[in-house]
Amino acid sequence: MKQGTFITALVLAAGLATAAPAAGAGISVRTGSSGHGARASALQLNITGSPQADEISVALDGTQTQFLITSRNPITAVPVQCTEISTSQISCPTSEFVAFSASLGIGRDAFSVGPSIHIPVSLSGGIGGDSLRGGSGSDTMRGGAGDDRLFGGNGGDTLNGAKGVDVLKGGRGRDVLKGGKGQDRLLGGPGRDVEKQ
């Protein structure tokens with residue numbers, strides 16, 4: 001093989017390696033039992049973030065009967081109760097689930113829950129400067145290590161910034177805001193709130 005051809009082949013191989021997605025780069029969505037609701041069969045949707053920076057949203061569809069989960073990274077695990085719309089979006093029937101849980105990993109992650117969603121949500125940001133936004137239910141959020149921004153929305157929310165310089169905004173409802181370690185900014189909003197640095 002000529003030297004010029006060999007160098008070209010090396011450059012092309014390096015480009016392909018750079019463009020290829022990292023193994024395990026997708027997010028997973030699974031189901032688990034929930035303590036919420038009266039039905040013994042009540043389920044919780046558990047979302048696990050990828051090793052990369054994630055951008056995930058949960059909203060209601062136009063019929064108000066399906067949760068739409070949309071991700072910037074591929075969704076690699078889909079529960080049997082849900083339907084894959086594309087590699088980055090699935091729909092799950094609202095009648096099957098009474099709560100959400102999300103655990104995000106390393107990176108600057110963003111997770112948002114639509115204001116029309118009223119079921120409880122538990123969000124954990126992990127390492128990195130994360131942006132977590134709850135819906136209209138009773139939300140529990142933990143920012144983790146990094147400079148995080150937590151927005152509770154409507155409902156009685158519990159926000160914990162943990163390590164880093166965090167901004168916590170409770171929104172409407174009786175909220176509990178815990179800044180954690182770092183120079184944090186706590187904004188309770190309307191309602192009888194409890195703020196702790």
# chains A, B, ... in the order shown; residues from 1 in each chain; ligands from 1
>>> residues_around(residues="range 136-147 of chain A", least_positions_apart="4", cutoff="7 Å", atoms="only C-alpha atoms", output="PyMOL selection string")
chain A and resi 115-130+152-166
>>> closest_residue(among="A:Leu43, A:Arg108, A:Val78, A:Ser57", to="Thr94 in chain A", atoms="only C-alpha atoms")
A:Leu43
>>> select_by_dssp(residues="range 34-156 of chain A", states="strand (DSSP E or B)", output="number ranges by chain")
A: 43-48, 55-60, 66-71, 75-77, 83-86, 89-93, 97-103, 110-113, 121-124, 131-133, 139-142, 149-151
>>> residues_around(residues="Ile75 in chain A", least_positions_apart="4", cutoff="10 Å", atoms="only C-alpha atoms", output="list in words")
Ala25, Gly26, Ile27, Ser28, Val29, Ile47, Thr48, Gly49, Ser50, Ile69, Thr70, Ser71, Glu84, Ser86, Thr87, Ser88, Gln89 and Ile90 of chain A
>>> closest_residue(among="A:Arg30, A:Glu55, A:Val98, A:Arg133", to="Thr76 in chain A", atoms="only C-alpha atoms")
A:Arg30
>>> residues_around(residues="Thr65 in chain A", least_positions_apart="5", cutoff="8 Å", atoms="only C-alpha atoms", output="NGL selection string")
:A and (60 or 93-95)
>>> write_last_selection(atoms="N, CA, C and O atoms", output="JSON list (two decimals), in the first residue's frame")
[["chain", "number", "residue", "atom", "x", "y", "z"],
["A", 60, "LEU", "N", -47.61, 15.34, 28.09],
["A", 60, "LEU", "CA", -48.81, 14.63, 27.66],
["A", 60, "LEU", "C", -49.03, 14.85, 26.17],
["A", 60, "LEU", "O", -48.74, 15.93, 25.65],
["A", 93, "PRO", "N", -48.97, 4.74, 28.22],
["A", 93, "PRO", "CA", -50.35, 5.09, 28.61],
["A", 93, "PRO", "C", -50.43, 5.65, 30.03],
["A", 93, "PRO", "O", -49.85, 5.09, 30.96],
["A", 94, "THR", "N", -51.14, 6.75, 30.18],
["A", 94, "THR", "CA", -51.28, 7.38, 31.50],
["A", 94, "THR", "C", -52.03, 6.48, 32.48],
["A", 94, "THR", "O", -51.85, 6.59, 33.69],
["A", 95, "SER", "N", -52.87, 5.59, 31.97],
["A", 95, "SER", "CA", -53.66, 4.72, 32.84],
["A", 95, "SER", "C", -52.82, 3.68, 33.57],
["A", 95, "SER", "O", -53.24, 3.12, 34.57]]
>>> closest_residue(among="A:Gly180, A:Gly105, A:Ala110, A:Phe100", to="Ala42 in chain A", atoms="only C-alpha atoms")
A:Phe100
>>> select_by_dssp(residues="range 2-185 of chain A", states="helix (DSSP H, G or I)", output="list in words")
Gln3, Gly4, Thr5, Phe6, Ile7, Thr8, Ala9, Leu10, Val11, Leu12, Ala13, Ala14, Gly15, Leu16, Ala17, Thr18, Ala19, Thr94, Ser95 and Glu96 of chain A
>>> atom_distance(atom1="CA of Gly62 in chain A", atom2="CA of Gly171 in chain A")
25.3 Å
